[in-house]
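Peer 1: So I've got this file, upload.cif, and it contains mmCIF, C-alpha atoms:
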data_input
#
loop_
_atom_site.label_atom_id
_atom_site.label_comp_id
_atom_site.auth_asym_id
_atom_site.auth_seq_id
_atom_site.Cartn_x
_atom_site.Cartn_y
_atom_site.Cartn_z
CA MET A 1 18.00 40.14 0.97
CA SER A 2 14.70 39.42 2.68
CA SER A 3 13.34 42.85 1.72
CA MET A 4 14.32 42.16 -1.90
CA PHE A 5 12.39 38.94 -1.73
CA LEU A 6 9.35 40.66 -0.24
CA ILE A 7 9.40 43.27 -3.02
CA ALA A 8 8.91 40.41 -5.52
CA LEU A 9 5.71 39.32 -3.80
CA ASP A 10 2.39 40.07 -5.47
CA TYR A 11 0.39 42.10 -2.95
CA THR A 12 -2.51 42.65 -5.33
CA GLU A 13 -3.72 39.05 -5.05
CA TYR A 14 -2.56 38.45 -1.45
CA PRO A 15 -2.72 41.43 0.95
CA HIS A 16 -0.57 39.83 3.69
CA PRO A 17 1.57 37.14 2.05
CA GLU A 18 4.26 37.24 4.77
CA ARG A 19 2.07 35.50 7.30
CA GLY A 20 1.11 32.81 4.80
CA LEU A 21 4.77 32.24 3.98
CA ILE A 22 5.63 31.90 7.67
CA PHE A 23 2.92 29.24 7.98
CA VAL A 24 4.34 27.45 4.93
CA GLY A 25 7.86 27.71 6.37
CA VAL A 26 6.87 26.19 9.71
CA PHE A 27 4.68 23.51 8.11
CA ILE A 28 7.29 22.42 5.58
CA GLY A 29 10.18 23.00 7.99
CA VAL A 30 8.85 20.45 10.47
CA GLN A 31 8.46 17.88 7.71
CA LEU A 32 11.95 18.58 6.35
CA LEU A 33 13.31 18.14 9.87
CA ILE A 34 11.61 14.76 10.16
CA ALA A 35 12.92 13.74 6.71
CA ALA A 36 16.44 14.84 7.69
CA THR A 37 16.19 12.79 10.91
CA ILE A 38 15.13 9.70 8.96
CA ALA A 39 17.98 10.24 6.48
CA TRP A 40 20.50 10.65 9.32
CA ARG A 41 19.29 7.52 11.12
CA THR A 42 19.47 5.54 7.88
CA PHE A 43 22.54 6.84 6.08
CA GLY A 44 24.42 8.77 8.77
CA PRO A 45 27.68 7.68 10.41
CA GLY A 46 27.35 4.22 11.89
CA HIS A 47 24.06 3.50 10.13
CA ALA A 48 25.18 3.18 6.53
CA VAL A 49 25.02 -0.64 6.39
CA GLU A 50 21.61 -2.25 5.95
CA LYS A 51 20.80 -4.62 8.82
CA MET B 52 10.89 -47.62 -19.56
CA SER B 53 8.14 -45.53 -18.03
CA SER B 54 8.74 -42.57 -15.78
CA ALA B 55 6.58 -41.07 -13.03
CA PRO B 56 4.28 -38.26 -14.21
CA VAL B 57 5.83 -34.84 -13.74
CA ARG B 58 3.75 -32.56 -11.52
CA ALA B 59 2.82 -29.16 -12.96
CA PRO B 60 5.16 -26.41 -11.79
CA ILE B 61 4.06 -23.91 -9.18
CA LYS B 62 2.10 -20.97 -10.57
CA VAL B 63 4.00 -18.20 -8.86
CA ASP B 64 1.91 -15.37 -7.37
CA SER B 65 1.94 -12.15 -9.34
CA LEU B 66 3.59 -9.08 -7.89
CA PHE B 67 0.28 -7.28 -7.44
CA SER B 68 -1.50 -10.19 -5.75
CA LYS B 69 -0.44 -8.62 -2.43
CA LEU B 70 -2.77 -5.69 -3.20
CA ALA B 71 -5.72 -7.87 -4.22
CA VAL B 72 -8.84 -8.24 -2.09
CA HIS B 73 -8.03 -11.09 0.32
CA ASP B 74 -10.26 -10.96 3.34
CA VAL B 75 -13.63 -9.64 2.17
CA PRO B 76 -15.74 -12.15 0.18
CA PRO B 77 -16.34 -11.17 -3.48
CA ARG B 78 -20.11 -10.87 -2.90
CA TYR B 79 -19.53 -7.99 -0.49
CA VAL B 80 -17.24 -6.26 -3.00
CA LEU B 81 -19.88 -6.64 -5.70
CA GLY B 82 -22.52 -5.43 -3.25
CA ALA B 83 -20.49 -2.30 -2.45
CA ALA B 84 -20.03 -1.61 -6.16
CA PHE B 85 -23.76 -2.08 -6.80
CA CYS B 86 -24.72 0.20 -3.88
CA GLY B 87 -22.24 2.84 -5.05
CA TYR B 88 -23.63 2.93 -8.58
CA LEU B 89 -27.19 2.86 -7.25
CA VAL B 90 -26.50 5.90 -5.04
CA LEU B 91 -24.97 7.78 -7.99
CA ALA B 92 -27.94 6.91 -10.21
CA LEU B 93 -30.48 8.03 -7.59
CA CYS B 94 -28.59 11.29 -7.01
CA TRP B 95 -28.48 11.90 -10.76
CA LEU B 96 -32.21 11.28 -11.04
CA HIS B 97 -32.87 13.58 -8.07
CA GLY B 98 -30.92 16.31 -9.80
CA ASN B 99 -30.16 18.58 -6.84
CA VAL B 100 -27.58 16.55 -4.91
CA PRO B 101 -24.08 18.11 -5.05
CA ALA B 102 -21.53 15.89 -6.79
CA TYR B 103 -19.23 15.76 -3.74
CA LEU B 104 -22.10 14.52 -1.56
CA ALA B 105 -23.17 11.92 -4.14
CA PHE B 106 -19.64 10.55 -4.51
CA ALA B 107 -19.05 10.61 -0.74
CA MET B 108 -22.18 8.48 -0.26
CA ALA B 109 -21.16 6.19 -3.14
CA LEU B 110 -17.73 5.63 -1.55
CA ALA B 111 -19.18 4.97 1.93
CA PRO B 112 -19.86 1.20 1.40
CA TRP B 113 -16.19 0.76 0.49
CA VAL B 114 -14.95 2.10 3.83
CA PRO B 115 -15.49 -1.12 5.88
CA ILE B 116 -14.06 -3.20 2.99
CA ILE B 117 -10.94 -1.04 2.91
CA PHE B 118 -10.66 -1.23 6.72
CA PHE B 119 -10.78 -5.05 6.74
CA GLU B 120 -8.41 -5.34 3.79
CA ILE B 121 -5.86 -3.01 5.34
CA SER B 122 -6.08 -4.95 8.61
CA TRP B 123 -5.48 -8.17 6.65
CA THR B 124 -2.57 -6.64 4.75
CA TYR B 125 -0.96 -5.44 7.99
CA LYS B 126 -1.30 -8.91 9.53
CA HIS B 127 0.42 -10.55 6.56
CA PHE B 128 2.69 -7.91 5.04
CA GLY B 129 3.22 -5.40 7.87
CA TRP B 130 3.70 -1.78 6.88
CA LEU B 131 2.91 -2.49 3.24
CA ALA B 132 -0.59 -1.69 4.56
CA ALA B 133 0.48 1.95 4.83
CA PHE B 134 1.30 1.86 1.12
CA SER B 135 -2.26 0.61 0.52
CA VAL B 136 -3.74 3.52 2.47
CA MET B 137 -1.54 6.00 0.62
CA THR B 138 -2.44 4.47 -2.73
CA PHE B 139 -6.15 4.89 -1.94
CA VAL B 140 -5.73 8.53 -0.88
CA GLN B 141 -3.53 9.31 -3.88
CA ILE B 142 -5.98 7.73 -6.36
CA ILE B 143 -8.72 10.08 -5.10
CA HIS B 144 -6.33 13.04 -5.03
CA TYR B 145 -4.93 12.45 -8.52
CA THR B 146 -8.43 11.83 -9.89
CA GLU B 147 -9.51 15.19 -8.50
CA HIS B 148 -6.62 17.00 -10.22
CA THR B 149 -7.16 15.08 -13.47
CA ILE B 150 -10.84 16.05 -13.57
CA GLN B 151 -9.87 19.69 -13.04
CA VAL B 152 -7.52 19.59 -16.03
CA ILE B 153 -10.20 17.91 -18.16
CA GLN B 154 -12.71 20.59 -17.12
CA VAL B 155 -10.31 23.32 -18.24
CA HIS B 156 -9.01 21.83 -21.51
CA PHE B 157 -11.88 19.67 -22.76
CA PHE B 158 -14.92 21.55 -21.44
CA GLY B 159 -13.48 25.06 -21.69
CA MET B 160 -14.24 25.96 -18.08
CA ALA B 161 -12.37 28.79 -16.34
CA PRO B 162 -9.51 27.52 -14.11
CA GLY B 163 -11.11 29.05 -11.03
CA ALA B 164 -14.41 27.32 -11.75
CA SER B 165 -12.88 23.87 -12.40
CA LEU B 166 -13.58 22.31 -9.03
CA ALA B 167 -13.85 18.60 -9.95
CA ILE B 168 -15.83 16.55 -7.39
CA PHE B 169 -14.70 17.05 -3.82
CA SER B 170 -13.02 20.44 -4.36
CA ALA B 171 -16.46 21.93 -4.91
CA PHE B 172 -17.21 21.27 -1.22
CA ASN B 173 -14.41 23.56 -0.09
CA VAL B 174 -11.55 23.88 -2.51
CA GLU B 175 -8.79 24.86 -0.07
CA TRP B 176 -9.76 22.55 2.79
CA VAL B 177 -10.08 19.50 0.52
CA HIS B 178 -6.73 19.98 -1.17
CA PHE B 179 -4.85 20.97 1.97
CA ALA B 180 -6.24 18.00 3.93
CA GLY B 181 -5.47 15.61 1.05
CA ASP B 182 -1.97 16.91 0.49
CA ALA B 183 -1.14 17.07 4.19
CA THR B 184 -2.23 13.42 4.52
CA LEU B 185 0.01 12.48 1.60
CA SER B 186 2.99 14.40 3.03
CA VAL B 187 2.67 12.83 6.48
CA GLY B 188 2.00 9.44 4.86
CA THR B 189 5.11 9.71 2.69
CA LEU B 190 7.17 10.48 5.82
CA VAL B 191 5.64 7.46 7.59
CA LEU B 192 6.56 5.27 4.60
CA LEU B 193 10.09 6.68 4.63
CA TRP B 194 10.34 5.96 8.35
CA LYS B 195 9.43 2.29 7.72
CA PHE B 196 11.13 1.92 4.29
CA PRO B 197 14.00 4.42 4.44
CA ARG B 198 16.08 2.52 1.86
CA ASN B 199 13.48 2.80 -0.87
CA PRO B 200 15.17 5.46 -3.08
CA LEU B 201 12.02 6.16 -5.08
CA LEU B 202 10.26 7.43 -1.96
CA TRP B 203 13.07 9.95 -1.46
CA ILE B 204 12.59 11.08 -5.08
CA ALA B 205 8.82 11.47 -4.56
CA LEU B 206 9.06 13.43 -1.28
CA PRO B 207 10.33 16.83 -2.62
CA PHE B 208 7.56 17.02 -5.21
CA GLN B 209 4.96 16.29 -2.56
CA LEU B 210 6.43 18.91 -0.22
CA TRP B 211 6.42 21.46 -3.03
CA HIS B 212 2.79 20.64 -3.80
CA VAL B 213 1.69 20.81 -0.17
CA SER B 214 3.55 24.10 0.34
CA GLU B 215 1.31 25.60 -2.37
CA HIS B 216 -1.78 24.27 -0.64
CA ALA B 217 -0.58 25.31 2.82
CA PHE B 218 -0.20 28.87 1.54
CA LEU B 219 -3.58 28.85 -0.22
CA PHE B 220 -5.22 27.32 2.86
CA TRP B 221 -3.79 30.05 5.10
CA GLU B 222 -4.71 32.92 2.81
CA ASN B 223 -8.19 31.55 2.29
CA ASN B 224 -9.00 30.88 5.93
CA PHE B 225 -7.03 33.52 7.85
CA GLU B 226 -6.42 36.43 5.46
CA GLY B 227 -9.82 36.57 3.83
CA VAL B 228 -8.51 36.38 0.28
CA HIS B 229 -11.54 34.36 -0.72
CA PRO B 230 -13.85 34.80 2.25
CA ASN B 231 -16.57 32.47 0.95
CA PRO B 232 -14.91 29.32 -0.33
CA PHE B 233 -18.13 27.36 -0.03
CA ASN B 234 -19.51 27.23 -3.56
CA SER B 235 -16.73 29.58 -4.58
CA THR B 236 -16.16 29.93 -8.31
CA SER B 237 -12.69 31.32 -7.80
CA ALA B 238 -9.49 30.04 -6.26
CA GLY B 239 -6.17 31.68 -5.57
CA ALA B 240 -3.12 31.20 -7.80
CA GLY B 241 -0.86 30.29 -4.88
CA LEU B 242 2.93 30.59 -4.94
CA PHE B 243 3.75 29.78 -8.57
CA GLY B 244 0.37 29.64 -10.36
CA SER B 245 -0.55 32.22 -13.01
CA PRO B 246 -1.81 34.84 -13.22
CA HIS B 247 -0.85 36.63 -9.98
CA GLY B 248 1.16 33.85 -8.41
CA LEU B 249 2.85 35.22 -5.30
CA ILE B 250 6.43 34.54 -6.46
CA GLY B 251 7.20 36.57 -9.56
CA GLY B 252 3.66 36.33 -10.88
CA GLY B 253 3.85 32.57 -11.38
CA PHE B 254 5.37 30.11 -13.86
CA GLY B 255 2.91 30.90 -16.64
CA LEU B 256 0.68 27.91 -15.89
CA SER B 257 -2.83 28.11 -14.48
CA ARG B 258 -3.40 26.56 -11.07
CA PRO B 259 -5.08 23.35 -12.37
CA ASP B 260 -2.25 22.71 -14.87
CA LEU B 261 0.51 23.51 -12.40
CA HIS B 262 -0.95 21.31 -9.66
CA PHE B 263 -1.56 18.46 -12.10
CA ILE B 264 2.15 18.59 -12.97
CA TYR B 265 3.11 18.63 -9.26
CA ASN B 266 0.89 15.63 -8.69
CA THR B 267 2.22 13.73 -11.71
CA LEU B 268 5.81 14.33 -10.61
CA TYR B 269 4.90 12.81 -7.23
CA THR B 270 2.72 9.97 -8.52
CA ILE B 271 5.29 8.45 -10.92
CA PRO B 272 8.05 7.81 -8.33
CA PHE B 273 5.42 6.86 -5.72
CA ALA B 274 3.98 4.16 -8.02
CA LEU B 275 7.49 2.87 -8.78
CA ALA B 276 8.28 2.90 -5.04
CA LEU B 277 5.18 0.78 -4.42
CA ILE B 278 6.23 -1.75 -7.08
CA ARG B 279 9.72 -1.92 -5.59
CA GLN B 280 8.29 -2.50 -2.11
CA LEU B 281 5.96 -5.22 -3.40
CA ARG B 282 9.03 -7.06 -4.66
CA LEU B 283 10.74 -6.78 -1.27
CA THR B 284 7.78 -7.73 0.93
CA TYR B 285 6.87 -11.29 1.91
CA ASP B 286 4.26 -12.88 4.13
CA LYS B 287 5.17 -12.87 7.83
CA ALA B 288 4.35 -16.60 7.96
CA LEU B 289 7.37 -17.28 5.72
CA GLU B 290 9.66 -15.57 8.22
CA GLU B 291 8.10 -17.51 11.09
CA THR B 292 8.77 -20.76 9.23
CA PHE B 293 12.38 -19.91 8.42
CA PRO B 294 13.39 -17.58 11.26
CA LEU B 295 17.11 -17.99 10.60
CA ALA B 296 17.04 -17.18 6.88
CA SER B 297 18.12 -13.66 5.90
CA HIS B 298 15.63 -11.09 4.60
CA HIS B 299 17.27 -11.29 1.19
CA GLU B 300 16.83 -15.07 0.98
CA LEU B 301 13.21 -14.80 2.12
CA GLN B 302 12.56 -12.10 -0.50
CA MET B 303 14.00 -14.34 -3.22
CA ALA B 304 12.03 -17.37 -1.98
CA SER B 305 8.77 -15.41 -1.81
CA ARG B 306 8.94 -14.88 -5.58
CA LYS B 307 8.71 -18.65 -6.10
CA LEU B 308 5.58 -19.33 -4.02
CA GLU B 309 1.96 -19.89 -4.95
CA THR B 310 -0.95 -18.95 -2.71
CA LEU B 311 -3.60 -21.66 -2.42
CA ARG B 312 -7.08 -21.33 -0.92
CA TYR B 313 -9.30 -24.07 0.48
CA VAL B 314 -12.76 -23.86 1.98
CA ALA B 315 -13.57 -25.52 5.31
CA GLY B 316 -13.82 -29.30 4.99
CA GLU B 317 -11.80 -29.54 1.80
CA THR B 318 -9.02 -32.14 1.71
CA ILE B 319 -5.63 -30.61 0.91
CA VAL B 320 -3.56 -33.79 0.68
CA ALA B 321 -4.51 -37.43 1.08
CA PRO B 322 -2.42 -40.51 1.97
CA GLY B 323 -0.42 -41.60 -1.06
CA ASP B 324 -0.23 -38.15 -2.66
CA ASP B 325 3.22 -37.13 -3.82
CA ALA B 326 5.09 -35.39 -1.01
CA ASP B 327 7.00 -33.01 -3.26
CA ARG B 328 5.73 -29.69 -1.92
CA MET B 329 5.80 -27.88 1.40
CA TYR B 330 2.80 -25.89 2.61
CA ILE B 331 2.86 -22.95 5.04
CA VAL B 332 -0.39 -21.96 6.74
CA THR B 333 -0.94 -18.20 6.44
CA GLU B 334 -4.65 -18.03 7.27
CA GLY B 335 -7.12 -20.36 8.98
CA ILE B 336 -6.73 -23.73 10.70
CA VAL B 337 -5.63 -27.04 9.17
CA SER B 338 -6.33 -30.49 10.65
CA VAL B 339 -3.84 -33.33 10.47
CA LEU B 340 -5.94 -36.52 10.52
CA ASP B 341 -5.02 -40.14 11.13
CA ARG B 342 -7.17 -43.27 11.20
CA ASP B 343 -7.77 -45.42 14.27
CA GLN B 344 -8.00 -49.22 14.27
CA ASN B 345 -11.64 -49.04 13.14
CA GLY B 346 -10.77 -46.81 10.22
CA ASN B 347 -12.31 -43.67 11.73
CA GLU B 348 -10.58 -40.35 11.23
CA VAL B 349 -8.85 -38.99 14.33
CA GLU B 350 -7.44 -35.49 14.60
CA ALA B 351 -3.75 -35.82 15.43
CA ALA B 352 -2.86 -32.13 15.33
CA THR B 353 -4.02 -28.70 14.19
CA LEU B 354 -1.84 -26.17 12.39
CA HIS B 355 -2.21 -22.39 12.49
CA HIS B 356 -0.62 -19.26 10.99
CA GLY B 357 3.11 -19.75 10.48
CA GLN B 358 3.04 -23.55 10.87
CA TYR B 359 3.65 -25.94 7.97
CA PHE B 360 3.38 -29.47 6.66
CA GLY B 361 4.80 -31.60 3.88
CA ALA B 362 8.41 -30.71 4.62
CA THR B 363 9.51 -34.16 5.76
CA GLY B 364 8.62 -35.67 2.43
CA LEU B 365 10.98 -33.27 0.68
CA LEU B 366 13.89 -34.74 2.61
CA VAL B 367 13.09 -38.30 1.51
CA PRO B 368 13.26 -39.33 -2.19
CA ASN B 369 9.94 -40.45 -3.77
CA ALA B 370 8.05 -40.01 -0.50
CA ALA B 371 4.28 -39.97 -0.23
CA HIS B 372 1.99 -38.30 2.31
CA GLN B 373 0.93 -40.52 5.23
CA ASN B 374 -1.83 -38.35 6.73
CA ILE B 375 -4.98 -36.65 5.61
CA ILE B 376 -4.55 -32.88 5.73
CA ARG B 377 -7.89 -31.09 5.70
CA ALA B 378 -8.99 -27.47 6.01
CA LYS B 379 -10.73 -27.02 9.38
CA SER B 380 -11.75 -23.48 8.43
CA ASP B 381 -11.29 -21.47 5.25
CA VAL B 382 -7.56 -21.74 4.71
CA MET B 383 -4.85 -19.93 2.83
CA LEU B 384 -1.52 -21.68 2.20
CA LEU B 385 1.80 -20.87 0.60
CA GLU B 386 3.04 -23.70 -1.60
CA MET B 387 6.81 -24.12 -1.91
CA ASP B 388 8.70 -26.46 -4.23
CA GLU B 389 11.53 -28.77 -3.24
CA ALA B 390 14.38 -26.67 -4.65
CA THR B 391 13.29 -23.52 -2.83
CA PHE B 392 12.78 -25.41 0.43
CA LYS B 393 16.20 -27.10 0.30
CA HIS B 394 17.88 -23.82 -0.58
CA LEU B 395 16.31 -22.06 2.40
CA ILE B 396 17.28 -24.89 4.72
CA GLU B 397 20.82 -24.80 3.36
CA VAL B 398 21.31 -21.04 3.74
CA SER B 399 19.69 -21.11 7.17
CA HIS B 400 22.23 -23.71 8.28
CA GLN B 401 25.02 -21.59 6.86
CA ALA B 402 23.76 -18.62 8.81
CA VAL B 403 23.89 -20.47 12.13
CA ALA B 404 26.98 -22.59 11.42
CA PRO B 405 29.30 -20.95 14.02
CA ALA B 406 26.84 -21.64 16.82
CA ALA B 407 25.24 -24.74 15.38
CA ALA B 408 25.80 -26.78 18.51
CA ALA B 409 23.81 -24.37 20.65
CA ALA B 410 21.34 -22.80 18.24
CA PRO B 411 18.10 -24.52 17.19
CA VAL B 412 18.22 -25.69 13.61
CA PRO B 413 15.10 -24.67 11.67
CA VAL B 414 14.33 -28.06 10.18
CA PRO B 415 10.53 -28.27 10.05
CA ALA B 416 8.71 -30.69 12.32
CA PRO B 417 7.76 -34.05 10.76
CA VAL B 418 4.11 -33.49 10.01
CA GLY B 419 2.24 -34.91 7.06
#
With the file now loaded, output its structure as structure tokens.
Peer 2:
Amino acid sequence: MSSMFLIALDYTEYPHPERGLIFVGVFIGVQLLIAATIAWRTFGPGHAVEK
Amino acid sequence: MSSAPVRAPIKVDSLFSKLAVHDVPPRYVLGAAFCGYLVLALCWLHGNVPAYLAFAMALAPWVPIIFFEISWTYKHFGWLAAFSVMTFVQIIHYTEHTIQVIQVHFFGMAPGASLAIFSAFNVEWVHFAGDATLSVGTLVLLWKFPRNPLLWIALPFQLWHVSEHAFLFWENNFEGVHPNPFNSTSAGAGLFGSPHGLIGGGFGLSRPDLHFIYNTLYTIPFALALIRQLRLTYDKALEETFPLASHHELQMASRKLETLRYVAGETIVAPGDDADRMYIVTEGIVSVLDRDQNGNEVEAATLHHGQYFGATGLLVPNAAHQNIIRAKSDVMLLEMDEATFKHLIEVSHQAVAPAAAAAPVPVPAPVG
């Protein structure tokens, strides 16, 4: 699956796109984790009612 | 049969008055605008000053004004100040993308050469820094206002946009795709830009068009989120005056208030004036004055942020003010009518009814 995805990448414009994608994954992943934490604290079990 | 003259109704503050310039005197704002235009004119006459440097210098006089205004907003409206910061950053960011689109479609410039104002300094650094600030800022806003649904709608579009810029930033700085971004006339297509976008060759849109769409999809819900938050935010002084009223009641009451300003030395109410309004001090110091046996004015009390006067008169039919209330410094007040005041008192009592015997009842002190 991952190799199929990598085949779709355009290596003519970007010689090493994997490393850029890893950076994007970490950068966005941290922010998604923070967003998920906020969502859990706000709407998760025991927090659903506005104080 | 004659009737007493009816006092003009309160002119309720507009929704956007919370974003107005409050703390910095208008002459400084005009001065900053004049200096900004003067800098731009001089740079234009000089002819060799890069646009990003000219605009950076033109914006510099606004920095202290923005700092003081954000400090003032935080003091009165709490984390609404973060919305102000984000609005400022997003205005610059969206302007940059809009100029790029205009350069492409109205001036016929190549997409890679359409670098607007600040992008010309370093296209990938400027956009990555701007977008990263907006992403982190949106998360901060969500942390403080997690029940604002429009912020949750805006977030995915911002994350998508910043993922493009994170990739472009990496490739540009660490993979040598465009080893000389300074004064570069070319920029990468990124993940979904065309031609040569990394994923499947792109969506068929050039980078300026694609990023303008990303930015628009973020800006619309962000602007609506700001309007929603303006409706839900009220001055902290109101909460200090009615500490037992619920947030919902304070939000509703805040939409019926008028902000009044007085300069130092100005009389706010005089003996005999109709006591049909309550006033909450939000900024400055107010003197409550009485007269001694010789008729000289004597300061009986001073009122500060969160304190109030005029409430006692609202509890007595056809009452008039007994004291002189005068601004000791430049003062900002919230004016509240009788119906709103009595409603807040009533709901506050209801809120503390089970423990009324032990809890303090928030009936304002008899001043004025």
Peer 1: Pull out every residue that the PyMOL selection byres ((chain B and resi 188) around 12) matches in the shown coordinates and put them as an MDAnalysis selection string.
Peer 2: (chainID A and resid 31 35) or (chainID B and resid 130 132:141 180:187 189:196 202 205:206 209:210 273)
Peer 1: Do you know which residues are at most 12 Å from Ile22 of chain A counting all atoms listed in the file, after dropping those on the same chain fewer than 3 positions away, and could you put them as a PyMOL selection string?
Peer 2: (chain A and resi 16-19+25-29) or (chain B and resi 214+217-218+221-222)
Peer 1: Go through B:Ala288, B:Leu219, B:Val63, B:Val75 one by one, measure the shortest atom-to-atom distance of each to Phe128 of chain B using all atoms listed in the file, and give the residue with the smallest value.
Peer 2: B:Ala288
Peer 1: Could you check which of B:Ser297, B:Ser165, B:Thr267, B:Ser170 is closest to chain A, using only C-alpha atoms?
Peer 2: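 The shortest atom-to-atom distance to chain A comes from B:Ser297.
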Peer 1: Could you tell me, as a VMD selection string, exactly which residues end up selected when the PyMOL selection byres ((chain B and resi 127) around 9) is applied to this structure?
Peer 2: chain B and resid 122 to 126 128 to 129 285 to 288 333
Peer 1: I'd like to know which of A:Leu33, A:Gly46, A:Trp40, A:Val24 is closest to chain B, using all atoms listed in the file.
Peer 2: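 Among the listed residues, the smallest separation from chain B belongs to A:Val24.
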Peer 1: For segment 358-371 of chain B, please output as number ranges by chain all residues within 12 Å (counting all atoms listed in the file; exclusion window: fewer than 4 positions along the same chain).
Peer 2: B: 55, 287-294, 319-339, 352-354, 375-377, 383-396, 413-419
Peer 1: Would you mind reading off the distance between atom CA of Val213 of chain B and atom CA of Gly239 of chain B, one decimal, in Å?
Peer 2: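 Interatomic distance, atom CA of Val213 of chain B to atom CA of Gly239 of chain B: 14.5 Å.
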Peer 1: Hey, which of B:Leu295, B:Ala240, B:Ala274, B:Ile150 ends up closest to chain A? Count all atoms listed in the file.
Peer 2: B:Ala240
Peer 1: Neighbouring residues of Tyr88 of chain B were defined as those with any atom within 10 Å, considering only C-alpha atoms; residues of the same chain fewer than 4 positions away were excluded. Please report them as number ranges by chain.
Peer 2: B: 82-84, 92-94, 106, 109-110
Peer 1: Neighbours of Thr149 of chain B within 12 Å (only C-alpha atoms; same-chain residues fewer than 4 positions away dropped), as a PDB file with C-alpha atoms, in the frame of the given file?
Peer 2:
ATOM      1  CA  GLN B 141      -3.530   9.310  -3.880  1.00  0.00           C
ATOM      2  CA  ILE B 142      -5.980   7.730  -6.360  1.00  0.00           C
ATOM      3  CA  ILE B 143      -8.720  10.080  -5.100  1.00  0.00           C
ATOM      4  CA  HIS B 144      -6.330  13.040  -5.030  1.00  0.00           C
ATOM      5  CA  TYR B 145      -4.930  12.450  -8.520  1.00  0.00           C
ATOM      6  CA  ILE B 153     -10.200  17.910 -18.160  1.00  0.00           C
ATOM      7  CA  GLN B 154     -12.710  20.590 -17.120  1.00  0.00           C
ATOM      8  CA  VAL B 155     -10.310  23.320 -18.240  1.00  0.00           C
ATOM      9  CA  HIS B 156      -9.010  21.830 -21.510  1.00  0.00           C
ATOM     10  CA  PHE B 157     -11.880  19.670 -22.760  1.00  0.00           C
ATOM     11  CA  SER B 165     -12.880  23.870 -12.400  1.00  0.00           C
ATOM     12  CA  LEU B 166     -13.580  22.310  -9.030  1.00  0.00           C
ATOM     13  CA  ALA B 167     -13.850  18.600  -9.950  1.00  0.00           C
ATOM     14  CA  ILE B 168     -15.830  16.550  -7.390  1.00  0.00           C
ATOM     15  CA  PRO B 259      -5.080  23.350 -12.370  1.00  0.00           C
ATOM     16  CA  ASP B 260      -2.250  22.710 -14.870  1.00  0.00           C
ATOM     17  CA  LEU B 261       0.510  23.510 -12.400  1.00  0.00           C
ATOM     18  CA  HIS B 262      -0.950  21.310  -9.660  1.00  0.00           C
ATOM     19  CA  PHE B 263      -1.560  18.460 -12.100  1.00  0.00           C
ATOM     20  CA  ILE B 264       2.150  18.590 -12.970  1.00  0.00           C
ATOM     21  CA  TYR B 265       3.110  18.630  -9.260  1.00  0.00           C
ATOM     22  CA  ASN B 266       0.890  15.630  -8.690  1.00  0.00           C
ATOM     23  CA  THR B 267       2.220  13.730 -11.710  1.00  0.00           C
TER      24      THR B 267
END
Peer 1: Could you name the residues that touch Leu242 of chain B at 9 Å or less, counting all atoms listed in the file, but leaving out those on the same chain fewer than 4 positions away, as a PyMOL selection string?
Peer 2: chain B and resi 214-216+218-219+247-253
Peer 1: Which residue, B:Asn223, B:Ser68, B:Thr146, B:Gln344, has the smallest gap to chain A when you use all atoms listed in the file?
Peer 2: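 Of B:Asn223, B:Ser68, B:Thr146, B:Gln344, the one nearest chain A, counting all atoms listed in the file, is B:Asn223.
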Peer 1: Report, in Å to a single decimal, how far apart atom CA of Ala276 of chain B and atom CA of His148 of chain B are.
Peer 2: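 Rounded to one decimal, the two atoms are 21.2 Å apart.
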Peer 1: Identify which of the residues B:Ala164, B:Ala171, B:Ile271, B:Val228 lies closest to chain A, counting only C-alpha atoms when measuring atom-to-atom distances.
Peer 2: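 Smallest distance to chain A is found for B:Val228.
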Peer 1: Report, in Å to a single decimal, how far apart atom CA of Ser380 of chain B and atom CA of Pro77 of chain B are.
Peer 2: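 According to the coordinates, atom CA of Pro77 of chain B and atom CA of Ser380 of chain B are separated by 17.7 Å.
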Peer 1: Just need the box for segment 21-38 of chain A, edges along x, y and z, holding every atom the file lists for it with 5 Å tacked onto each side, so centre and edge lengths in Å to one decimal, as JSON.
Peer 2:
{"center_x": 9.7, "center_y": 21.0, "center_z": 7.4, "size_x": 23.5, "size_y": 32.5, "size_z": 16.9}
Peer 1: Since the input is missing atoms for segment 30-35 of chain A, could you rebuild it with N, CA and C atoms and give the result as a PDB file, in the coordinates of the input?
Peer 2:
ATOM      1  N   VAL A  30       8.990  21.601   9.573  1.00  0.00           N
ATOM      2  CA  VAL A  30       8.850  20.450  10.470  1.00  0.00           C
ATOM      3  C   VAL A  30       8.994  19.143   9.688  1.00  0.00           C
ATOM      4  N   GLN A  31       8.383  19.111   8.517  1.00  0.00           N
ATOM      5  CA  GLN A  31       8.460  17.880   7.710  1.00  0.00           C
ATOM      6  C   GLN A  31       9.871  17.647   7.179  1.00  0.00           C
ATOM      7  N   LEU A  32      10.553  18.723   6.796  1.00  0.00           N
ATOM      8  CA  LEU A  32      11.950  18.580   6.350  1.00  0.00           C
ATOM      9  C   LEU A  32      12.836  18.094   7.495  1.00  0.00           C
ATOM     10  N   LEU A  33      12.540  18.571   8.691  1.00  0.00           N
ATOM     11  CA  LEU A  33      13.310  18.140   9.870  1.00  0.00           C
ATOM     12  C   LEU A  33      13.121  16.647  10.110  1.00  0.00           C
ATOM     13  N   ILE A  34      11.883  16.190   9.982  1.00  0.00           N
ATOM     14  CA  ILE A  34      11.610  14.760  10.160  1.00  0.00           C
ATOM     15  C   ILE A  34      12.322  13.955   9.065  1.00  0.00           C
ATOM     16  N   ALA A  35      12.257  14.448   7.813  1.00  0.00           N
ATOM     17  CA  ALA A  35      12.920  13.740   6.710  1.00  0.00           C
ATOM     18  C   ALA A  35      14.436  13.690   6.942  1.00  0.00           C
TER      19      ALA A  35
END
